[in-house]
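Asks: For reference, the file work_11.cif (mmCIF, C-alpha atoms) is included below:
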```cif
data_run
#
loop_
_atom_site.label_atom_id
_atom_site.label_comp_id
_atom_site.auth_asym_id
_atom_site.auth_seq_id
_atom_site.Cartn_x
_atom_site.Cartn_y
_atom_site.Cartn_z
CA MET A 182 19.17 68.37 151.52
CA SER A 183 18.66 65.27 153.64
CA ALA A 184 21.19 64.24 156.25
CA ALA A 185 22.20 61.32 154.08
CA VAL A 186 23.64 63.55 151.37
CA ARG A 187 24.36 66.86 153.08
CA GLY A 188 27.91 68.21 152.94
CA SER A 189 30.08 69.08 155.89
CA THR A 190 29.41 71.83 158.39
CA PHE A 191 33.07 71.81 159.50
CA ARG A 192 34.12 73.33 162.76
CA GLY A 193 33.31 76.86 163.90
CA LYS A 194 36.62 77.65 165.53
CA ALA A 195 40.00 78.89 164.48
CA LEU A 196 42.80 76.40 164.00
CA ALA A 197 45.03 75.88 167.02
CA ALA A 198 48.76 76.29 166.61
CA GLY A 199 50.84 73.19 166.07
CA ALA A 200 54.18 72.73 167.76
CA LEU A 201 56.37 71.22 165.06
CA THR A 202 59.53 73.02 164.01
CA VAL A 203 59.48 74.41 160.50
CA ALA A 204 61.36 72.06 158.20
CA LEU A 205 63.55 73.51 155.47
CA ILE A 206 62.85 72.39 151.93
CA GLY A 207 66.19 72.03 150.19
CA GLY A 208 65.11 73.45 146.85
CA LEU A 209 63.73 76.59 148.47
CA ALA A 210 66.10 77.15 151.37
CA GLY A 211 67.85 80.07 149.74
CA CYS A 212 64.82 82.00 148.62
CA SER A 213 65.06 84.70 151.28
CA GLU A 214 68.85 84.93 151.35
CA PRO A 215 71.48 86.41 149.00
CA ALA A 216 71.83 84.43 145.82
CA SER A 217 74.62 81.85 145.70
CA PRO A 218 76.23 80.38 142.58
CA GLY A 219 74.08 77.85 140.81
CA PRO A 220 75.16 74.22 140.68
CA GLY A 221 76.72 74.78 137.28
CA ALA A 222 78.76 77.89 138.14
CA THR A 223 82.53 77.72 137.61
CA LYS A 224 84.54 78.17 140.80
CA GLY A 225 88.23 79.03 141.30
CA ALA A 226 90.64 76.12 141.36
CA PRO A 227 91.44 74.90 144.88
CA GLY A 228 94.63 76.56 146.16
CA ALA A 229 95.02 78.85 143.14
CA GLY A 230 96.46 82.25 143.88
CA THR A 231 94.16 83.94 141.42
CA ALA A 232 90.59 83.01 140.65
CA ALA A 233 90.10 80.96 137.54
CA LYS A 234 88.27 82.66 134.71
CA LYS A 235 84.54 82.18 135.20
CA GLY A 236 82.37 81.06 132.40
CA PRO A 237 78.65 81.86 132.21
CA ALA A 238 76.75 80.34 135.12
CA ALA A 239 74.50 77.47 134.16
CA ALA A 240 70.84 77.82 135.02
CA PRO A 241 69.86 76.07 138.25
CA GLU A 242 68.17 72.73 137.76
CA ASN A 243 65.06 73.98 139.56
CA PRO A 244 65.01 77.79 139.35
CA VAL A 245 62.98 79.63 141.96
CA ARG A 246 61.10 82.73 140.87
CA LEU A 247 59.35 84.54 143.68
CA ILE A 248 55.86 85.84 142.98
CA GLY A 249 54.48 89.02 144.52
CA ASP A 250 55.62 89.41 148.13
CA GLY A 251 57.31 85.99 148.04
CA SER A 252 54.42 84.07 149.59
CA THR A 253 54.40 81.85 146.51
CA ALA A 254 57.02 81.01 143.91
CA TYR A 255 57.47 79.30 140.61
CA THR A 256 59.82 76.36 141.19
CA GLY A 257 59.35 74.37 138.02
CA ALA A 258 57.05 71.50 137.16
CA GLN A 259 55.46 69.75 140.12
CA PRO A 260 57.33 66.60 141.14
CA HIS A 261 55.88 63.10 141.25
CA GLN A 262 53.24 63.54 138.57
CA PRO A 263 52.07 60.57 136.46
CA THR A 264 52.27 60.60 132.69
CA TRP A 265 48.95 59.46 131.29
CA LYS A 266 48.31 57.90 127.90
CA LYS A 267 45.17 57.28 125.91
CA LEU A 268 43.64 53.86 126.48
CA LYS A 269 44.50 51.38 123.76
CA PRO A 270 41.58 49.62 122.05
CA GLY A 271 40.31 46.91 124.39
CA GLU A 272 42.36 48.13 127.35
CA ALA A 273 40.62 48.26 130.73
CA PRO A 274 40.70 51.64 132.48
CA PRO A 275 42.53 51.95 135.79
CA GLN A 276 40.48 52.03 138.95
CA PHE A 277 40.92 55.59 140.19
CA VAL A 278 40.37 56.52 143.83
CA VAL A 279 40.51 60.12 145.07
CA PHE A 280 40.93 60.96 148.76
CA SER A 281 40.31 64.62 149.50
CA TRP A 282 40.28 66.89 152.54
CA ASP A 283 38.05 69.91 153.16
CA GLY A 284 39.61 72.82 155.05
CA ALA A 285 43.16 71.40 155.02
CA GLY A 286 44.84 73.16 157.91
CA GLU A 287 47.39 71.86 160.40
CA ASP A 288 46.26 72.30 163.99
CA SER A 289 47.12 70.65 167.32
CA GLN A 290 45.68 67.32 166.09
CA LYS A 291 48.41 67.21 163.40
CA LEU A 292 46.17 65.27 161.03
CA PHE A 293 47.43 67.05 157.91
CA SER A 294 51.01 65.95 158.61
CA HIS A 295 49.81 62.47 159.56
CA PHE A 296 47.94 61.86 156.32
CA ARG A 297 50.86 63.15 154.30
CA LYS A 298 52.82 60.25 155.80
CA VAL A 299 49.97 57.84 155.03
CA GLY A 300 49.92 59.03 151.42
CA LYS A 301 53.64 58.45 151.02
CA LYS A 302 53.41 55.01 152.61
CA TYR A 303 50.72 53.80 150.23
CA ASP A 304 51.73 55.83 147.16
CA ALA A 305 48.50 57.80 147.29
CA SER A 306 48.35 61.34 145.97
CA MET A 307 45.51 63.39 147.47
CA THR A 308 43.76 66.73 147.11
CA TYR A 309 43.86 69.22 149.97
CA PHE A 310 41.13 71.87 149.75
CA LEU A 311 42.56 74.84 151.64
CA SER A 312 40.28 77.34 153.38
CA GLY A 313 41.83 80.71 152.59
CA VAL A 314 41.09 82.19 156.03
CA TYR A 315 43.44 79.59 157.53
CA LEU A 316 46.25 81.75 156.13
CA LEU A 317 44.78 85.00 157.51
CA PRO A 318 45.58 85.99 161.11
CA GLU A 319 42.75 86.90 163.45
CA GLU A 320 43.97 90.49 163.80
CA LYS A 321 43.68 90.95 160.01
CA ARG A 322 40.19 89.48 159.77
CA ALA A 323 38.73 92.73 158.41
CA MET A 324 40.61 92.06 155.17
CA TYR A 325 38.03 89.38 154.36
CA ASP A 326 34.87 90.87 152.85
CA PRO A 327 32.53 87.89 152.35
CA PRO A 328 29.49 88.09 150.07
CA LYS A 329 26.27 88.89 151.96
CA HIS A 330 28.13 89.25 155.29
CA SER A 331 29.97 92.01 157.10
CA ALA A 332 33.72 92.32 156.70
CA GLY A 333 35.68 90.15 159.12
CA ARG A 334 32.99 87.49 159.46
CA SER A 335 33.84 83.78 159.16
CA ASP A 336 31.92 80.76 160.40
CA ILE A 337 35.19 78.82 160.86
CA GLY A 338 37.20 81.63 162.41
CA PHE A 339 40.68 82.65 161.33
CA ASN A 340 44.17 81.57 162.41
CA ASP A 341 47.16 82.73 164.43
CA THR A 342 50.78 83.14 163.38
CA GLU A 343 51.97 79.71 164.46
CA GLY A 344 48.92 78.03 162.94
CA ILE A 345 49.66 79.76 159.64
CA ARG A 346 53.33 78.75 159.83
CA ASP A 347 52.36 75.11 160.47
CA THR A 348 49.72 75.05 157.74
CA VAL A 349 52.08 76.56 155.17
CA ARG A 350 54.72 73.98 156.07
CA GLU A 351 52.26 71.17 155.36
CA LEU A 352 50.99 72.74 152.15
CA ARG A 353 54.57 73.17 150.95
CA GLY A 354 55.50 69.57 151.71
CA ALA A 355 52.26 68.17 150.31
CA TRP A 356 52.75 69.86 146.95
CA LEU A 357 56.38 68.79 146.68
CA GLU A 358 55.23 65.20 147.30
CA GLY A 359 52.87 65.42 144.32
CA ASN A 360 49.59 66.29 146.02
CA GLU A 361 47.15 68.95 144.84
CA ILE A 362 46.18 72.17 146.64
CA GLY A 363 42.60 73.16 145.79
CA THR A 364 40.25 75.51 147.62
CA HIS A 365 37.39 75.21 150.10
CA PHE A 366 36.99 79.00 149.80
CA ASN A 367 36.94 81.12 152.96
CA GLY A 368 34.25 81.70 155.56
CA HIS A 369 32.27 78.46 155.10
CA PHE A 370 28.81 80.04 155.13
CA CYS A 371 25.97 77.54 154.84
CA GLY A 372 22.18 77.84 155.02
CA ALA A 373 19.56 80.25 153.75
CA GLU A 374 20.81 83.40 155.51
CA GLY A 375 23.58 84.61 153.25
CA GLY A 376 24.93 81.12 152.72
CA VAL A 377 26.90 80.17 149.62
CA GLY A 378 23.72 78.71 148.13
CA THR A 379 22.41 82.26 147.74
CA TRP A 380 25.52 83.74 146.07
CA SER A 381 25.51 85.09 142.55
CA VAL A 382 28.13 84.31 139.92
CA GLU A 383 29.85 87.64 140.62
CA GLU A 384 29.84 86.98 144.38
CA TRP A 385 31.49 83.62 143.77
CA LYS A 386 34.16 85.36 141.70
CA SER A 387 34.81 87.73 144.61
CA GLU A 388 35.14 84.80 147.01
CA ILE A 389 37.57 83.03 144.68
CA ARG A 390 39.68 86.17 144.22
CA GLN A 391 39.91 86.59 148.00
CA ALA A 392 40.81 82.92 148.54
CA LYS A 393 43.66 83.35 146.06
CA SER A 394 44.74 86.62 147.66
CA PHE A 395 45.09 85.10 151.14
CA VAL A 396 47.33 82.36 149.71
CA LYS A 397 49.37 84.78 147.59
CA ASN A 398 49.95 87.24 150.46
CA TRP A 399 50.21 85.15 153.64
CA LYS A 400 53.76 86.37 154.37
CA THR A 401 52.72 90.01 154.46
CA ASN A 402 49.42 89.39 156.24
CA ALA A 403 50.98 87.19 158.95
CA GLY A 404 54.31 89.03 159.22
CA LEU A 405 56.22 85.85 158.33
CA ARG A 406 58.52 87.31 155.70
CA ALA A 407 61.49 85.09 156.62
CA GLU A 408 59.55 81.88 155.89
CA GLN A 409 59.96 79.93 152.68
CA PRO A 410 57.37 80.46 149.96
CA LEU A 411 54.79 78.00 148.83
CA PRO A 412 56.48 76.36 145.82
CA PHE A 413 53.75 76.99 143.28
CA ASP A 414 51.94 79.75 141.41
CA TYR A 415 48.46 79.53 142.93
CA ASP A 416 46.84 81.15 139.89
CA LYS A 417 47.99 78.10 137.93
CA GLU A 418 47.74 75.51 140.72
CA LEU A 419 44.12 76.26 141.61
CA VAL A 420 41.94 74.34 139.16
CA GLY A 421 39.20 72.84 141.35
CA ALA A 422 37.15 73.12 144.50
CA ARG A 423 34.45 71.80 146.78
CA THR A 424 31.85 74.28 148.01
CA PRO A 425 30.92 74.52 151.71
CA CYS A 426 28.13 72.09 152.60
CA LEU A 427 27.92 71.25 148.87
CA GLU A 428 25.73 74.33 148.42
CA GLY A 429 25.77 76.95 145.67
CA ARG A 430 27.16 74.67 143.00
CA ALA A 431 25.07 76.01 140.09
CA ASN A 432 26.47 79.54 140.22
CA PHE A 433 29.90 78.46 141.40
CA VAL A 434 30.40 76.27 138.33
CA LYS A 435 29.46 79.19 136.07
CA ALA A 436 32.00 81.43 137.82
CA ALA A 437 34.67 78.72 137.87
CA SER A 438 34.29 78.01 134.17
CA GLU A 439 34.99 81.67 133.43
CA LEU A 440 38.05 81.64 135.70
CA GLY A 441 39.74 78.61 134.13
CA PHE A 442 38.89 75.90 136.66
CA ARG A 443 38.97 72.34 135.36
CA TYR A 444 36.73 70.42 137.76
CA ASP A 445 34.22 70.68 140.57
CA THR A 446 33.44 68.16 143.31
CA SER A 447 30.47 69.81 145.02
CA GLY A 448 27.55 67.70 143.88
CA VAL A 449 26.10 64.25 144.51
CA ASN A 450 26.48 61.64 141.78
CA ASP A 451 25.83 58.00 141.16
CA GLN A 452 28.97 55.90 140.99
CA ILE A 453 29.38 56.09 137.21
CA TRP A 454 31.94 57.69 134.91
CA PRO A 455 31.94 61.52 135.02
CA LYS A 456 30.95 64.07 132.42
CA LYS A 457 31.62 67.76 131.93
CA ASP A 458 29.35 70.56 133.14
CA HIS A 459 30.02 74.11 131.85
CA GLY A 460 33.39 72.80 130.62
CA LEU A 461 34.39 71.44 134.07
CA TRP A 462 34.65 67.77 134.94
CA ASP A 463 31.93 66.96 137.47
CA LEU A 464 33.93 64.86 139.93
CA SER A 465 31.37 64.97 142.71
CA MET A 466 31.19 62.45 145.51
CA HIS A 467 28.67 59.64 145.21
CA LEU A 468 26.36 57.50 147.28
CA VAL A 469 27.93 54.49 148.98
CA PRO A 470 26.52 51.61 151.03
CA VAL A 471 26.06 51.84 154.79
CA PRO A 472 26.60 48.21 155.85
CA GLY A 473 23.76 46.93 157.99
CA ARG A 474 21.45 49.78 156.96
CA ALA A 475 18.87 49.91 154.19
CA PHE A 476 20.13 53.12 152.59
CA GLN A 477 23.22 54.71 151.10
CA THR A 478 24.96 57.91 152.16
CA LEU A 479 27.47 60.30 150.65
CA SER A 480 31.10 59.15 150.50
CA MET A 481 32.22 61.56 153.22
CA ASP A 482 33.06 61.20 156.91
CA TYR A 483 30.52 63.86 157.94
CA ASN A 484 27.65 61.97 156.34
CA PHE A 485 28.43 58.77 158.19
CA LEU A 486 28.62 60.86 161.36
CA VAL A 487 25.16 62.41 160.99
CA ASN A 488 23.59 59.03 160.35
CA GLN A 489 25.36 57.34 163.26
CA SER A 490 25.22 59.97 166.01
CA PRO A 491 22.71 62.61 164.91
CA GLY A 492 23.17 65.98 166.53
CA THR A 493 26.54 65.31 168.16
CA THR A 494 30.15 64.73 167.19
CA GLN A 495 30.78 62.97 170.53
CA GLY A 496 28.41 60.02 170.48
CA ASP A 497 28.41 56.85 172.59
CA PRO A 498 32.08 55.81 173.05
CA GLY A 499 30.98 52.19 173.05
CA MET A 500 29.90 52.62 169.42
CA HIS A 501 32.98 54.42 168.09
CA ARG A 502 34.78 51.36 166.74
CA TYR A 503 31.61 49.96 165.19
CA TRP A 504 30.87 53.28 163.48
CA GLY A 505 34.39 53.55 162.10
CA ASP A 506 34.29 49.97 160.84
CA GLN A 507 30.92 50.68 159.23
CA MET A 508 32.33 53.63 157.32
CA ARG A 509 35.46 51.75 156.26
CA ASP A 510 33.45 48.74 155.11
CA GLY A 511 31.01 50.97 153.21
CA LEU A 512 33.82 52.71 151.36
CA VAL A 513 35.57 49.43 150.56
CA GLU A 514 32.28 47.93 149.36
CA ALA A 515 31.80 50.93 147.05
CA PHE A 516 35.35 50.47 145.80
CA GLU A 517 34.83 46.74 145.14
CA ARG A 518 31.62 47.23 143.16
CA SER A 519 33.41 49.74 140.94
CA TYR A 520 36.71 47.82 140.72
CA ARG A 521 34.93 44.63 139.63
CA GLY A 522 32.22 46.50 137.73
CA ASN A 523 32.26 49.70 135.69
CA ARG A 524 35.62 50.98 137.04
CA ALA A 525 34.10 54.42 137.70
CA PRO A 526 36.34 56.63 139.86
CA VAL A 527 35.74 56.39 143.60
CA ILE A 528 35.55 59.87 145.15
CA ILE A 529 35.94 60.19 148.94
CA GLY A 530 35.75 63.39 151.01
CA ASN A 531 36.99 63.97 154.54
CA HIS A 532 37.86 66.52 157.22
CA PHE A 533 40.78 66.75 159.62
CA GLU A 534 38.55 66.09 162.62
CA SER A 535 38.39 63.79 165.65
CA TRP A 536 34.65 63.26 165.57
CA ASN A 537 33.48 60.28 167.64
CA GLY A 538 36.94 59.67 169.02
CA GLY A 539 38.72 59.92 165.65
CA THR A 540 37.04 56.78 164.37
CA TYR A 541 36.51 58.23 160.88
CA MET A 542 40.20 59.09 160.53
CA ARG A 543 40.99 55.46 161.32
CA ALA A 544 38.39 54.35 158.78
CA VAL A 545 39.91 56.49 156.05
CA GLU A 546 43.43 55.33 156.79
CA GLU A 547 42.38 51.67 156.74
CA THR A 548 40.54 52.26 153.45
CA ILE A 549 43.69 53.76 151.91
CA ALA A 550 45.73 50.80 153.13
CA THR A 551 43.17 48.37 151.64
CA VAL A 552 42.51 49.84 148.20
CA CYS A 553 45.63 51.75 147.11
CA VAL A 554 47.83 48.64 147.08
CA GLN A 555 45.64 46.64 144.70
CA LYS A 556 46.45 45.86 141.08
CA ASP A 557 45.43 48.43 138.46
CA VAL A 558 44.43 50.92 141.17
CA GLU A 559 45.58 54.55 141.01
CA CYS A 560 45.06 56.67 144.12
CA VAL A 561 45.30 60.15 142.66
CA SER A 562 44.42 63.80 143.16
CA PHE A 563 41.46 65.37 141.37
CA ARG A 564 43.83 67.23 139.08
CA GLN A 565 45.56 63.99 138.09
CA LEU A 566 42.19 62.37 137.42
CA ALA A 567 41.15 65.34 135.27
CA ASP A 568 44.43 65.01 133.37
CA TRP A 569 43.69 61.35 132.62
CA LEU A 570 40.12 62.09 131.53
CA ASP A 571 41.31 64.85 129.21
CA ALA A 572 43.85 62.47 127.65
CA GLN A 573 41.14 60.00 126.60
CA ASP A 574 39.00 59.78 123.49
CA PRO A 575 35.68 61.45 124.44
CA ALA A 576 33.82 58.63 122.69
CA VAL A 577 35.46 56.11 125.05
CA ILE A 578 34.41 58.12 128.13
CA ALA A 579 30.88 58.40 126.71
CA LYS A 580 30.72 54.64 126.19
CA MET A 581 31.92 53.90 129.71
CA ARG A 582 29.22 56.25 131.00
CA THR A 583 26.62 53.80 129.67
CA LEU A 584 27.65 51.31 132.36
CA LYS A 585 25.43 51.53 135.43
CA VAL A 586 26.58 51.45 139.05
CA GLY A 587 28.59 48.27 139.59
CA GLU A 588 27.90 47.00 136.05
CA ALA A 589 30.79 45.16 134.44
CA PRO A 590 30.98 45.35 130.64
CA THR A 591 29.39 42.40 128.89
CA GLY A 592 32.11 40.26 127.35
CA GLY A 593 34.82 42.05 129.36
CA TRP A 594 36.82 45.19 128.66
CA PRO A 595 38.63 43.88 125.55
CA ALA A 596 35.32 43.44 123.76
CA PHE A 597 33.62 46.49 125.27
CA LEU A 598 36.39 48.92 124.32
CA ALA A 599 37.54 47.15 121.16
CA ALA A 600 38.45 49.36 118.22
CA GLN A 601 35.35 50.22 116.23
CA PRO A 602 35.42 49.69 112.48
CA PRO A 603 35.34 52.94 110.52
CA ALA A 604 31.92 54.06 109.42
CA PRO A 605 31.20 53.15 105.80
CA ALA A 606 31.62 55.96 103.32
CA PRO A 607 28.34 57.40 102.08
CA ALA A 608 27.14 55.85 98.87
CA LYS A 609 28.21 57.79 95.81
CA GLN A 610 25.25 59.44 94.17
CA PRO A 611 24.87 58.80 90.45
CA THR A 612 25.74 61.76 88.26
CA ARG A 613 22.66 63.27 86.74
CA LYS A 614 22.96 63.71 83.03
#
```
Would it be possible to restate this file's structure as structure tokens?

Replies:
Amino acid sequence: MSAAVRGSTFRGKALAAGALTVALIGGLAGCSEPASPGPGATKGAPGAGTAAKKGPAAAPENPVRLIGDGSTAYTGAQPHQPTWKKLKPGEAPPQFVVFSWDGAGEDSQKLFSHFRKVGKKYDASMTYFLSGVYLLPEEKRAMYDPPKHSAGRSDIGFNDTEGIRDTVRELRGAWLEGNEIGTHFNGHFCGAEGGVGTWSVEEWKSEIRQAKSFVKNWKTNAGLRAEQPLPFDYDKELVGARTPCLEGRANFVKAASELGFRYDTSGVNDQIWPKKDHGLWDLSMHLVPVPGRAFQTLSMDYNFLVNQSPGTTQGDPGMHRYWGDQMRDGLVEAFERSYRGNRAPVIIGNHFESWNGGTYMRAVEETIATVCVQKDVECVSFRQLADWLDAQDPAVIAKMRTLKVGEAPTGGWPAFLAAQPPAPAPAKQPTRK
């Protein structure tokens, strides 16, 4: 794949430990301690010599049910989720924008925690694609048995105890704020030598099972049993992914469709409305303008990087601001042509990295601040987008797919998506006598 559309290589080092203190989440604070009366339990009257008769305790408003070793838990429906409705005849679709993050670990740069704050500020839900090995300590690396590689091998390393604690804290908070936790799998193997592009359907299933296992058993693996659980059942939460370097998609999609996934975002699309592939929504990134250049590139920070400073993540400091502005302006231009055109979802991928002085992180943040505040714009997670797509009439999605990149419907949305008259009944055949 050319540099213009190649996926990320990510970093080949373990996450460094962050220094923030673990924050308690009120709804989960008692998970590792003796149970206390629920909010509806009857207590003795103040000052009474004998306890008042207790009635049956009411169920807690948000019951916590630990799963497995307590690394994850069922805590009820996820907060802060939109309720989607089917488009009315003639109604324009929202302009969806998805910001997503490959790897999704909290290290010394503290970019995960930073972009959680950005999301809250601009009412933007996001998708965080967790690499499973970021919840596996270095000393337990042999537990990972990657396809076509020896046990304990990972091209992005593993983590340490504090790094796991920090990453879990951010995952916990992100989900409670309404964001999605997907997967970027584990060892991030790219290329022809055992890379994910060479994996079979069964090897992808093994990789997915292991990614789930590292999330479902991080307390035991890292020896952090006193920590709070992740507040979701990962078997139900995990419904989508992005493959390393955007390789191996054909067999991954086959495996994912058998395992109940709902979407994939590992391909390269034009900026038009999505369709399903093997029962999964294909929500792949798309090609976006590179202002001042005569080509487009993929809507991802890495792809701007390789076109601006080929071969290095630390290019000319004098160009950093220009390169960041170029990425921001390219993303905003792609947004504008969709917003004023076919309203196709805008899909943007990123990494928690400080490439070229952090200029791409600035570009993403400025893009969020520019687009998420506009009228009829919904900055959502992939799961939320899939929910909306599934709520629509398939014929409406099919019709919107006829609009080309940047093409506004002739006569406007009211005419384009007007209710269609029912098809005439077939003519009644004369009765043969």

Asks: Using all atoms listed in the file, pick whichever of A:Arg524, A:Pro412, A:Phe563, A:Arg502 has the shortest atom-to-atom distance to Asn537 in chain A.

Replies: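 Of A:Arg524, A:Pro412, A:Phe563, A:Arg502, the one nearest Asn537 in chain A is A:Arg502, counting all atoms listed in the file.
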
Asks: Fewer than 5 positions away in the same chain doesn't count, so skip those; otherwise give me all residues within 12 Å of Gly460 in chain A, counting all atoms listed in the file, as number ranges by chain.

Replies: A: 434-445, 567, 571

Asks: Name the residues captured by the PyMOL selection byres ((chain A and resi 366-381) around 6) when it is applied to the shown file; answer as a ChimeraX atom specification.

Replies: /A:312-314,329,335-336,364-365,382-384,392,425,428-429

Asks: So what does the PyMOL selection byres ((chain A and resi 509) around 12) actually pick up in this one, as a PyMOL selection string?

Replies: chain A and resi 469-472+480-482+485+502-508+510-516+529+540-552

Asks: Translate the PyMOL selection byres ((chain A and resi 556) around 12), as applied to the file shown, into an explicit residue set as an mmCIF file with C-alpha atoms, in the frame of the given file.

Replies:
```
data_model
loop_
_atom_site.group_PDB
_atom_site.id
_atom_site.type_symbol
_atom_site.label_atom_id
_atom_site.label_comp_id
_atom_site.auth_asym_id
_atom_site.auth_seq_id
_atom_site.Cartn_x
_atom_site.Cartn_y
_atom_site.Cartn_z
ATOM 1 C CA PRO A 274 40.700 51.640 132.480
ATOM 2 C CA PRO A 275 42.530 51.950 135.790
ATOM 3 C CA GLN A 276 40.480 52.030 138.950
ATOM 4 C CA PHE A 277 40.920 55.590 140.190
ATOM 5 C CA TYR A 520 36.710 47.820 140.720
ATOM 6 C CA ARG A 521 34.930 44.630 139.630
ATOM 7 C CA THR A 551 43.170 48.370 151.640
ATOM 8 C CA VAL A 552 42.510 49.840 148.200
ATOM 9 C CA CYS A 553 45.630 51.750 147.110
ATOM 10 C CA VAL A 554 47.830 48.640 147.080
ATOM 11 C CA GLN A 555 45.640 46.640 144.700
ATOM 12 C CA ASP A 557 45.430 48.430 138.460
ATOM 13 C CA VAL A 558 44.430 50.920 141.170
ATOM 14 C CA GLU A 559 45.580 54.550 141.010
ATOM 15 C CA CYS A 560 45.060 56.670 144.120
#
```

Asks: Nearest residue to Ala258 in chain A out of A:Glu287, A:Glu272, A:Glu418, A:Asp326, using all atoms listed in the file?

Replies: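 Smallest separation from Ala258 in chain A among the options: A:Glu418.
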